[in-house]
file structure_27.txt (compact mmCIF, C-alpha atoms)
# COMPACT_ATOMS: atom_id res chain seq x y z
CA MET O 1 -0.93 24.03 2.53
CA THR O 2 -1.72 25.78 5.82
CA GLU O 3 0.78 26.16 8.65
CA SER O 4 -1.35 23.76 10.71
CA THR O 5 -1.27 21.13 7.97
CA THR O 6 2.47 21.63 7.52
CA ASN O 7 3.03 21.02 11.23
CA ARG O 8 0.83 17.92 11.18
CA ASP O 9 2.66 16.29 8.28
CA ARG O 10 6.06 17.29 9.67
CA LEU O 11 5.22 15.78 13.05
CA MET O 12 3.95 12.55 11.51
CA LEU O 13 6.94 12.12 9.20
CA THR O 14 9.38 12.97 12.00
CA ALA O 15 7.70 10.47 14.33
CA ILE O 16 7.91 7.73 11.69
CA ASP O 17 11.62 8.42 11.10
CA LEU O 18 12.45 8.35 14.81
CA MET O 19 10.32 5.27 15.54
CA ALA O 20 11.88 3.38 12.62
CA GLU O 21 15.28 4.13 14.13
CA LYS O 22 14.57 3.71 17.86
CA GLY O 23 11.31 1.78 18.10
CA TYR O 24 7.90 3.02 19.17
CA GLN O 25 8.70 2.89 22.90
CA GLY O 26 12.15 4.41 22.40
CA VAL O 27 10.82 7.78 21.28
CA THR O 28 9.08 10.43 23.38
CA THR O 29 6.64 13.10 22.28
CA LYS O 30 9.18 15.68 23.42
CA GLU O 31 11.81 14.23 21.05
CA ILE O 32 9.36 14.13 18.16
CA ALA O 33 8.31 17.73 18.67
CA ALA O 34 11.91 18.96 19.01
CA ALA O 35 13.04 17.11 15.87
CA ALA O 36 10.04 18.55 13.97
CA GLY O 37 10.91 22.06 15.12
CA VAL O 38 7.79 22.69 17.22
CA ILE O 39 6.98 22.70 20.92
CA GLU O 40 5.54 19.58 22.55
CA MET O 41 2.23 21.35 23.18
CA THR O 42 1.77 21.61 19.39
CA LEU O 43 1.96 17.80 19.13
CA PHE O 44 -0.58 17.39 21.94
CA ARG O 45 -2.88 19.97 20.37
CA GLN O 46 -2.67 18.34 16.93
CA PHE O 47 -2.87 14.67 17.94
CA GLY O 48 -3.42 14.18 21.66
CA THR O 49 -1.01 11.28 22.19
CA LYS O 50 1.89 9.52 20.48
CA LEU O 51 -0.38 6.58 19.65
CA GLN O 52 -3.01 8.86 18.09
CA LEU O 53 -0.27 10.53 16.05
CA LEU O 54 0.80 7.16 14.61
CA GLU O 55 -2.81 6.19 14.04
CA GLN O 56 -3.40 9.32 11.99
CA ALA O 57 -0.12 8.79 10.11
CA ILE O 58 -1.43 5.41 8.94
CA ASP O 59 -4.62 7.04 7.69
CA ARG O 60 -2.68 9.87 6.04
CA PHE O 61 0.13 8.01 4.32
CA HIS O 62 -1.11 4.47 3.63
CA TYR O 63 -2.53 3.57 0.24
CA ALA O 64 -6.35 3.35 0.42
CA GLY O 65 -7.04 6.89 -0.82
CA GLU O 66 -4.56 6.76 -3.69
CA MET O 67 -5.82 3.34 -4.76
CA GLU O 68 -9.43 4.53 -4.76
CA GLU O 69 -8.43 7.39 -7.07
CA LEU O 70 -6.54 5.01 -9.37
CA PHE O 71 -9.44 2.56 -9.66
CA SER O 72 -12.00 5.31 -10.25
CA THR O 73 -10.09 7.40 -12.82
CA ARG O 74 -7.05 5.66 -14.31
CA LEU O 75 -8.04 2.12 -15.35
CA ILE O 76 -8.63 1.42 -19.05
CA TRP O 77 -10.14 -2.11 -18.80
CA SER O 78 -7.12 -3.79 -20.36
CA LEU O 79 -6.00 -6.59 -18.01
CA ARG O 80 -2.27 -6.28 -18.64
CA GLU O 81 -2.17 -2.48 -18.55
CA ASP O 82 -4.45 -2.18 -15.52
CA LEU O 83 -2.62 -4.79 -13.44
CA LEU O 84 0.72 -3.18 -14.25
CA ARG O 85 -0.66 0.23 -13.26
CA ILE O 86 -2.09 -1.13 -10.00
CA THR O 87 1.10 -3.04 -9.18
CA ARG O 88 3.39 -0.09 -9.85
CA ALA O 89 1.23 2.22 -7.73
CA TYR O 90 1.15 -0.32 -4.89
CA HIS O 91 4.94 -0.72 -4.82
CA ASP O 92 5.54 3.03 -5.14
CA ILE O 93 3.32 3.68 -2.13
CA MET O 94 4.71 0.80 -0.07
CA ASP O 95 8.31 1.82 -0.81
CA ARG O 96 7.48 5.38 0.21
CA ASN O 97 6.00 4.03 3.46
CA ARG O 98 8.66 1.41 4.21
CA LYS O 99 9.64 3.11 7.51
CA LEU O 100 6.02 3.18 8.64
CA VAL O 101 5.67 -0.53 7.78
CA LEU O 102 8.84 -1.32 9.75
CA VAL O 103 7.49 0.53 12.80
CA MET O 104 4.26 -1.48 12.63
CA LEU O 105 6.00 -4.83 12.16
CA ARG O 106 8.62 -4.35 14.88
CA SER O 107 6.44 -3.03 17.70
CA ALA O 108 4.58 -5.76 19.61
CA GLU O 109 2.62 -3.15 21.58
CA LEU O 110 0.95 -1.86 18.39
CA SER O 111 -1.23 -4.92 17.73
CA ASP O 112 -4.46 -2.89 17.93
CA LEU O 113 -3.04 -0.37 15.49
CA ARG O 114 -2.01 -3.17 13.10
CA ASP O 115 -5.63 -4.35 13.14
CA ARG O 116 -6.75 -0.83 12.24
CA ALA O 117 -4.19 -0.67 9.43
CA GLN O 118 -5.88 -3.71 7.85
CA ASP O 119 -8.58 -1.33 6.62
CA HIS O 120 -6.22 -0.41 3.77
CA PRO O 121 -5.63 -3.91 2.34
CA ARG O 122 -9.29 -4.73 2.99
CA GLN O 123 -10.29 -1.78 0.84
CA LEU O 124 -7.81 -2.76 -1.88
CA GLN O 125 -9.20 -6.30 -1.84
CA GLN O 126 -12.71 -4.94 -2.39
CA LEU O 127 -11.53 -2.73 -5.27
CA LEU O 128 -9.69 -5.63 -6.93
CA THR O 129 -12.59 -8.03 -6.43
CA ALA O 130 -14.99 -5.59 -8.07
CA TYR O 131 -12.48 -5.05 -10.89
CA PHE O 132 -12.16 -8.79 -11.65
CA GLN O 133 -15.95 -9.18 -11.50
CA GLU O 134 -16.42 -6.36 -14.02
CA MET O 135 -13.69 -7.74 -16.28
CA HIS O 136 -15.49 -11.10 -16.24
CA ARG O 137 -18.78 -9.36 -17.06
CA GLN O 138 -17.05 -7.77 -20.06
CA GLY O 139 -15.76 -11.19 -21.15
CA LYS O 140 -12.13 -10.18 -20.61
CA VAL O 141 -11.27 -12.68 -17.86
CA LYS O 142 -12.31 -16.28 -17.24
CA ALA O 143 -14.96 -17.22 -14.70
CA ILE O 144 -13.08 -17.20 -11.40
CA ASP O 145 -13.53 -16.66 -7.69
CA SER O 146 -12.88 -12.92 -7.88
CA GLU O 147 -12.10 -12.45 -4.20
CA ALA O 148 -9.62 -15.35 -4.17
CA GLN O 149 -7.97 -13.91 -7.28
CA ALA O 150 -7.75 -10.49 -5.65
CA MET O 151 -6.11 -11.99 -2.58
CA ALA O 152 -3.64 -14.01 -4.68
CA PHE O 153 -2.65 -10.81 -6.48
CA MET O 154 -2.30 -8.87 -3.22
CA TRP O 155 -0.34 -11.59 -1.39
CA MET O 156 2.04 -11.94 -4.32
CA ASN O 157 2.81 -8.23 -4.28
CA TYR O 158 2.96 -7.93 -0.49
CA GLY O 159 5.36 -10.88 -0.40
CA ALA O 160 7.58 -9.18 -2.97
CA PHE O 161 7.57 -5.96 -0.94
CA ILE O 162 8.43 -7.73 2.33
CA SER O 163 11.18 -9.69 0.61
CA ARG O 164 12.73 -6.45 -0.67
CA LEU O 165 12.31 -4.91 2.77
CA HIS O 166 14.50 -7.71 4.13
CA ASN O 167 17.22 -7.66 1.46
CA ALA O 168 15.83 -9.74 -1.39
CA ASP O 169 19.11 -9.19 -3.24
CA LEU O 170 20.67 -11.76 -0.90
CA ILE O 171 18.57 -14.51 -2.50
CA THR O 172 17.96 -13.33 -6.08
CA ALA O 173 19.29 -11.08 -8.79
CA VAL O 174 15.78 -10.62 -10.21
CA SER O 175 15.01 -6.90 -10.34
CA GLN O 176 11.74 -5.36 -9.26
CA GLU O 177 10.92 -4.59 -12.89
CA GLN O 178 11.54 -8.22 -13.90
CA PHE O 179 9.27 -9.34 -11.07
CA LEU O 180 6.52 -6.93 -12.16
CA GLN O 181 6.63 -7.99 -15.81
CA THR O 182 6.82 -11.72 -15.04
CA SER O 183 4.11 -11.77 -12.39
CA ILE O 184 1.69 -9.73 -14.50
CA ALA O 185 2.35 -11.97 -17.53
CA LEU O 186 1.47 -15.01 -15.40
CA PHE O 187 -1.81 -13.45 -14.26
CA VAL O 188 -2.76 -12.29 -17.73
CA ASP O 189 -1.98 -15.67 -19.32
CA ALA O 190 -3.94 -17.52 -16.64
CA LEU O 191 -7.01 -15.27 -16.69
CA THR O 192 -7.45 -14.28 -20.34
CA PRO O 193 -10.12 -16.33 -22.19
CA MET O 194 -9.04 -18.00 -25.44
CA ASN O 195 -11.24 -15.75 -27.60
CA GLU O 196 -9.58 -12.65 -26.11
CA ARG O 197 -6.12 -14.11 -26.79
CA ILE O 198 -7.06 -14.66 -30.43
CA LYS O 199 -8.20 -11.00 -30.71
CA GLU O 200 -4.85 -9.80 -29.39
CA ARG O 201 -2.94 -11.69 -32.09

call {"tool": "encode", "arguments": {"input": "structure_27.txt", "output": "structure tokens"}}
result
Amino acid sequence: MTESTTNRDRLMLTAIDLMAEKGYQGVTTKEIAAAAGVIEMTLFRQFGTKLQLLEQAIDRFHYAGEMEELFSTRLIWSLREDLLRITRAYHDIMDRNRKLVLVMLRSAELSDLRDRAQDHPRQLQQLLTAYFQEMHRQGKVKAIDSEAQAMAFMWMNYGAFISRLHNADLITAVSQEQFLQTSIALFVDALTPMNERIKER
């Protein structure tokens, strides 16, 4: 990792921490630079503005790149195993980025940036849709509307993440692992053709 790259990541992570604590408007570029241990000119040279810094943090730390790698190299075309792998990766990434998500949700002035951030779920939806289509071609899932199924899967997991973000333990004792196992079992049972179920027995 070069010194320049180190400074870029440090500035982005510092900005996210400060914005999660004080809000987007409550933090200056001078504060971000000082907390990251660099001069303000370094921030301007690396990113230009505070908004461009946050924009690049979304591209750097959100999940599209990691999900592309998972779909291209780590799936084994087993519905249960693949959906568990995808779900675990999604929640790992979202938990890692919870402060960034909070910044985006809490700041009304970032509506344009929220629209840009939709590129990540849009890309995941395309990956999932293509996955369900291929699994149907292989005879491993029932004939379905693949895009609708992808969205149902994504909304279920996003809802679980948001619920945990806002203290899910106040309404349920169900652990994240219980949720993962139960939700995947529901999808697998609903989508697996009868002939595939017989093979598994």

call {"tool": "closest_residue", "arguments": {"input": "structure_27.txt", "among": "O:Ile76, O:Leu180, O:Leu54, O:Met104", "to": "Ala89 in chain O", "atoms": "all atoms listed in the file"}}
result
O:Leu180

call {"tool": "atom_distance", "arguments": {"input": "structure_27.txt", "atom1": "CA of Lys50 in chain O", "atom2": "CA of Thr28 in chain O"}}
result
7.8 Å

call {"tool": "residues_around", "arguments": {"input": "structure_27.txt", "residues": "Arg60 in chain O", "least_positions_apart": "6", "cutoff": "12 Å", "atoms": "only C-alpha atoms", "output": "number ranges by chain"}}
result
O: 5, 8-9, 12-13, 53-54, 66, 93, 97, 100, 117, 120

call {"tool": "write_last_selection", "arguments": {"input": "structure_27.txt", "atoms": "C-alpha atoms", "output": "PDB file, keeping the file's coordinate frame"}}
result
ATOM      1  CA  THR O   5      -1.270  21.130   7.970  1.00  0.00           C
ATOM      2  CA  ARG O   8       0.830  17.920  11.180  1.00  0.00           C
ATOM      3  CA  ASP O   9       2.660  16.290   8.280  1.00  0.00           C
ATOM      4  CA  MET O  12       3.950  12.550  11.510  1.00  0.00           C
ATOM      5  CA  LEU O  13       6.940  12.120   9.200  1.00  0.00           C
ATOM      6  CA  LEU O  53      -0.270  10.530  16.050  1.00  0.00           C
ATOM      7  CA  LEU O  54       0.800   7.160  14.610  1.00  0.00           C
ATOM      8  CA  GLU O  66      -4.560   6.760  -3.690  1.00  0.00           C
ATOM      9  CA  ILE O  93       3.320   3.680  -2.130  1.00  0.00           C
ATOM     10  CA  ASN O  97       6.000   4.030   3.460  1.00  0.00           C
ATOM     11  CA  LEU O 100       6.020   3.180   8.640  1.00  0.00           C
ATOM     12  CA  ALA O 117      -4.190  -0.670   9.430  1.00  0.00           C
ATOM     13  CA  HIS O 120      -6.220  -0.410   3.770  1.00  0.00           C
TER      14      HIS O 120
END

call {"tool": "atom_distance", "arguments": {"input": "structure_27.txt", "atom1": "CA of Glu55 in chain O", "atom2": "CA of Asp95 in chain O"}}
result
19.1 Å

call {"tool": "closest_residue", "arguments": {"input": "structure_27.txt", "among": "O:Met156, O:Ala35, O:Ile58, O:Gln25", "to": "Thr182 in chain O", "atoms": "all atoms listed in the file"}}
result
O:Met156

call {"tool": "closest_atom_pairs", "arguments": {"input": "structure_27.txt", "of": "range 60-93 of chain O", "to": "range 121-142 of chain O", "cutoff": "9 Å", "atoms": "only C-alpha atoms", "output": "Markdown table"}}
result
| residue | atom | partner | partner_atom | distance |
| --- | --- | --- | --- | --- |
| O:Tyr63 | CA | O:Pro121 | CA | 8.4 |
| O:Ala64 | CA | O:Gln123 | CA | 6.5 |
| O:Met67 | CA | O:Leu124 | CA | 7.0 |
| O:Glu68 | CA | O:Leu127 | CA | 7.6 |
| O:Phe71 | CA | O:Leu127 | CA | 7.2 |
| O:Trp77 | CA | O:Met135 | CA | 7.1 |
| O:Ser78 | CA | O:Lys140 | CA | 8.1 |
| O:Leu79 | CA | O:Lys140 | CA | 7.6 |

call {"tool": "closest_residue", "arguments": {"input": "structure_27.txt", "among": "O:Ala36, O:Ile144, O:Leu51, O:Leu165", "to": "Leu110 in chain O", "atoms": "all atoms listed in the file"}}
result
O:Leu51

call {"tool": "residues_near_point", "arguments": {"input": "structure_27.txt", "point": "(12.7, 2.0, 16.3)", "cutoff": "10 Å", "atoms": "all atoms listed in the file", "output": "list in words"}}
result
Ile16, Asp17, Leu18, Met19, Ala20, Glu21, Lys22, Gly23, Tyr24, Gln25, Gly26, Val27, Lys99, Leu102, Val103, Met104, Arg106 and Ser107 of chain O

call {"tool": "closest_residue", "arguments": {"input": "structure_27.txt", "among": "O:Ser183, O:Asn195, O:Thr6, O:Gln56", "to": "Leu84 in chain O", "atoms": "all atoms listed in the file"}}
result
O:Ser183

call {"tool": "atom_distance", "arguments": {"input": "structure_27.txt", "atom1": "CA of Arg80 in chain O", "atom2": "CA of Ile162 in chain O"}}
result
23.6 Å

call {"tool": "residues_around", "arguments": {"input": "structure_27.txt", "residues": "Val38 in chain O", "least_positions_apart": "4", "cutoff": "10 Å", "atoms": "all atoms listed in the file", "output": "list of chain:residue names"}}
result
O:Asn7, O:Arg10, O:Leu11, O:Lys30, O:Ile32, O:Ala33, O:Ala34, O:Thr42, O:Leu43

call {"tool": "residues_around", "arguments": {"input": "structure_27.txt", "residues": "Tyr158 in chain O", "least_positions_apart": "5", "cutoff": "12 Å", "atoms": "all atoms listed in the file", "output": "list in words"}}
result
Thr87, Tyr90, His91, Ile93, Met94, Asp95, Arg98, Val101, Pro121, Met151, Ala152, Phe153, Ser163, Arg164 and Leu165 of chain O
